[in-house]
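Some notes on the structure that comes next.
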Amino acid sequence: MLKYVFAMDKLRSLDESLARINRDINALLDGVDKAVYDHEKTSFNFMGKAVRSRFTLLFGDALGLERGTAERISAAAELIHTASLLHDDCIDRAALRRGLPTLNESLGINTAILVGDMVVSFAFDYAVKITPDTPGSLVRAVRRMTEGALLEENLRYKNTSAAEAERILQLKTGELFRWCALTACHMAKKPELYEVCGTIGRETGVIFQITDDVLDFEGEAGQTGKDALKDITEGRTTLPLILALNDPRFAVEIKAELTSLKTDLSGNLAPALRIADLVKKNGFCAGARAIAAEKMRSLEKEIARLPERAAAGTFKNYIYALSSRTK
Ligand code: FPP
Ligand code: MG
């Protein structure tokens, strides 16, 4: 019987697992008193591309972790991620998320913050279902994500070094992927792979976020489902811009455009468009993508340590696809 259950578990496709996670998240939202928050009245998408779930499910397969546990880890991570985006969109005054209006746009900033808080509590309810200790590690991951968001906030419109940017990426985005990987490692009972799993998680987050930051320059809103040029207009100095600012041929011009963006509160996008144009035309998006690709290549030795060889290959292909995505 046990053998049969294991075989059935292996047969569960990625799409089936994602559908189960989505169903569970919707069930949590359905359970909320409609007078408190009615998720069906707004068209906000609570799951998006499900990158953290895909990462966890494929990584879990490569560790030999059973799918039910990987699905619970994924659901907790998706909930934390969505909560962080609800808050991030308030901070960024963003209007578009996952191709739909942000909650701060449709229901106002107060509601968006509070729905974000509620979604955090859902995540911890989920984490308890993994093991009684899991909420403890999740709360520490959330604290480090918040530290990353605060560091980024402190550096708005300021000179940012590549080392500072790397630290922000590791905390803001890497920590949640790292939590998924370490929780999967713990549940798969592979303590000897703890360091390897932590590195894979953190670096996947960094690679994903570098590509996300490149798409802020390259992408159209219709393609990414988000407002274009948000990082530039909000004064966030991400890797493509750092590379451009480090080039003496462009530093003076970019700094002048950034000053006009900071001081002109009319919402004129022209300086941001000129900066984006300069960054793209002179190969700095390509430069940032090359750094992500190099990180991906150096991760191969860690991925090679994962015990399920065929599943590790599928996982590796997914991370490569993430690092070269265009939306
Ligand atoms: C998106 O970054 C935001 C994050 C990856 C994390 C933000 C973290 C917090 C707000 C603190 C944690 C809070 C909670 C409630 C768990 P981005 O702005 O670069 O990405 P975007 O382009 O998708 O907006
Ligand atoms: Mg944002």
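For the structure tokens, the naming scheme is as follows: chains receive sequential letters (A, B, ...) according to their order of presentation, residues are indexed from 1 within each chain, and ligands are indexed from 1 in presentation order.
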
Residues within 6 Å of ligand 2, counting only C-alpha atoms and all ligand atoms: report them as a ChimeraX atom specification.
/A:88-89,92

For ligand 1, return the neighbouring residues as a ChimeraX atom specification (distance at most 8 Å; only C-alpha atoms and all ligand atoms).
/A:80-89,91-92,94,97,116-117,120,142-143,145-150,172-173,209,212-213,216,226,230-231

DSSP on the backbone, alpha helix (DSSP H) only: what residues of stretch 10-75 of chain A does that give? Format it as a ChimeraX atom specification.
/A:10-11,14-30,51-63,67-75

Mind checking which residues fall within 9 Å of A:Arg289, counting only C-alpha atoms, ignoring those fewer than 4 positions away in the same chain, and posting them as a PyMOL selection string?
chain A and resi 207+210-211+214+240+284-285+293-294+323-324

Do a neighbour search on stretch 181-196 of chain A at 8 Å with only C-alpha atoms, toss out local chain neighbours closer than 4 positions, and write the hits as number ranges by chain.
A: 56, 59-60, 63-66, 69-70, 73, 134, 177, 200-201, 302, 305

Output file for the residues above (all heavy atoms, as a short mmCIF file (atom, residue, chain, number, x, y, z; two decimals), in the first residue's frame):
data_model
loop_
_atom_site.label_atom_id
_atom_site.label_comp_id
_atom_site.auth_asym_id
_atom_site.auth_seq_id
_atom_site.Cartn_x
_atom_site.Cartn_y
_atom_site.Cartn_z
N THR A 56 10.04 25.22 -5.25
CA THR A 56 9.98 24.28 -4.12
C THR A 56 9.58 22.88 -4.58
O THR A 56 10.14 21.88 -4.11
CB THR A 56 8.98 24.81 -3.06
OG1 THR A 56 9.35 26.15 -2.72
CG2 THR A 56 8.99 23.94 -1.81
N PHE A 59 12.52 21.44 -6.62
CA PHE A 59 13.66 21.23 -5.71
C PHE A 59 13.34 20.04 -4.79
O PHE A 59 14.21 19.18 -4.55
CB PHE A 59 13.90 22.50 -4.89
CG PHE A 59 15.09 22.44 -4.00
CD1 PHE A 59 16.37 22.42 -4.53
CD2 PHE A 59 14.94 22.39 -2.62
CE1 PHE A 59 17.49 22.36 -3.71
CE2 PHE A 59 16.05 22.32 -1.80
CZ PHE A 59 17.32 22.31 -2.34
N GLY A 60 12.10 19.99 -4.29
CA GLY A 60 11.67 18.87 -3.44
C GLY A 60 11.82 17.55 -4.18
O GLY A 60 12.30 16.56 -3.62
N LEU A 63 15.24 16.37 -4.15
CA LEU A 63 15.68 15.87 -2.84
C LEU A 63 14.99 14.56 -2.48
O LEU A 63 15.30 13.96 -1.45
CB LEU A 63 15.33 16.89 -1.75
CG LEU A 63 16.25 18.09 -1.58
CD1 LEU A 63 15.64 19.06 -0.57
CD2 LEU A 63 17.64 17.68 -1.13
N GLY A 64 13.97 14.18 -3.28
CA GLY A 64 13.19 12.98 -2.95
C GLY A 64 12.11 13.28 -1.91
O GLY A 64 11.65 12.37 -1.21
N LEU A 65 11.70 14.52 -1.80
CA LEU A 65 10.66 14.92 -0.83
C LEU A 65 9.28 14.61 -1.39
O LEU A 65 9.02 14.88 -2.57
CB LEU A 65 10.79 16.42 -0.54
CG LEU A 65 9.77 17.03 0.43
CD1 LEU A 65 9.95 16.47 1.85
CD2 LEU A 65 9.90 18.55 0.45
N GLU A 66 8.39 14.09 -0.54
CA GLU A 66 7.05 13.77 -1.06
C GLU A 66 6.29 15.07 -1.36
O GLU A 66 6.48 16.09 -0.68
CB GLU A 66 6.30 12.82 -0.12
CG GLU A 66 6.12 13.29 1.29
CD GLU A 66 4.77 13.89 1.57
OE1 GLU A 66 3.86 13.66 0.77
OE2 GLU A 66 4.65 14.60 2.59
N THR A 69 4.15 17.46 1.22
CA THR A 69 4.94 18.37 2.07
C THR A 69 5.44 19.55 1.26
O THR A 69 5.38 20.70 1.70
CB THR A 69 6.13 17.60 2.71
OG1 THR A 69 5.61 16.48 3.40
CG2 THR A 69 6.90 18.48 3.66
N ALA A 70 5.94 19.26 0.05
CA ALA A 70 6.43 20.35 -0.80
C ALA A 70 5.30 21.33 -1.12
O ALA A 70 5.52 22.55 -1.19
CB ALA A 70 7.02 19.77 -2.09
N ILE A 73 4.83 23.61 1.96
CA ILE A 73 5.91 24.62 2.03
C ILE A 73 5.63 25.71 0.98
O ILE A 73 5.75 26.91 1.25
CB ILE A 73 7.30 23.96 1.78
CG1 ILE A 73 7.58 22.89 2.83
CG2 ILE A 73 8.40 25.02 1.76
CD1 ILE A 73 8.81 22.01 2.52
N THR A 134 8.19 24.97 12.30
CA THR A 134 8.34 25.70 11.02
C THR A 134 8.00 27.19 11.14
O THR A 134 8.70 28.01 10.54
CB THR A 134 7.49 25.01 9.92
OG1 THR A 134 7.76 23.62 9.96
CG2 THR A 134 7.84 25.54 8.56
N PHE A 177 13.29 32.15 -0.72
CA PHE A 177 13.70 30.95 -1.47
C PHE A 177 14.56 30.05 -0.56
O PHE A 177 14.45 28.83 -0.58
CB PHE A 177 14.50 31.34 -2.72
CG PHE A 177 13.66 31.83 -3.87
CD1 PHE A 177 13.35 33.17 -4.00
CD2 PHE A 177 13.18 30.96 -4.83
CE1 PHE A 177 12.59 33.64 -5.07
CE2 PHE A 177 12.43 31.40 -5.90
CZ PHE A 177 12.13 32.75 -6.02
N ILE A 200 21.62 27.09 -2.67
CA ILE A 200 20.76 27.01 -3.86
C ILE A 200 19.57 27.95 -3.69
O ILE A 200 19.21 28.69 -4.61
CB ILE A 200 20.30 25.56 -4.12
CG1 ILE A 200 21.48 24.68 -4.51
CG2 ILE A 200 19.22 25.52 -5.21
CD1 ILE A 200 21.15 23.19 -4.68
N GLY A 201 18.95 27.94 -2.50
CA GLY A 201 17.78 28.78 -2.26
C GLY A 201 18.14 30.26 -2.38
O GLY A 201 17.53 31.00 -3.16
N GLU A 302 26.48 22.86 -6.85
CA GLU A 302 25.57 22.54 -5.73
C GLU A 302 24.41 21.66 -6.23
O GLU A 302 24.05 20.69 -5.59
CB GLU A 302 25.00 23.83 -5.12
CG GLU A 302 25.85 24.42 -4.00
CD GLU A 302 26.95 25.31 -4.53
OE1 GLU A 302 26.85 25.73 -5.71
OE2 GLU A 302 27.92 25.57 -3.79
N ARG A 305 24.88 18.01 -6.42
CA ARG A 305 24.89 17.23 -5.16
C ARG A 305 23.50 16.68 -4.81
O ARG A 305 23.36 15.89 -3.87
CB ARG A 305 25.37 18.11 -4.00
CG ARG A 305 26.75 18.72 -4.16
CD ARG A 305 27.85 17.88 -3.52
NE ARG A 305 27.57 17.43 -2.18
CZ ARG A 305 27.87 18.12 -1.07
NH1 ARG A 305 28.46 19.29 -1.18
NH2 ARG A 305 27.59 17.62 0.12
#

Compile the contact shell of stretch 29-31 of chain A as a list of chain:residue names: residues with an atom at most 10 Å away, counting only C-alpha atoms, same-chain residues fewer than 6 positions apart removed.
A:Arg23, A:Tyr37, A:Asp38, A:His39, A:Glu40, A:Phe46, A:Met118, A:Val119, A:Phe122

Could you work out how far atom CA of A:Ile303 lies from atom CA of A:Cys197, giving the answer in Å with one decimal?
8.6 Å
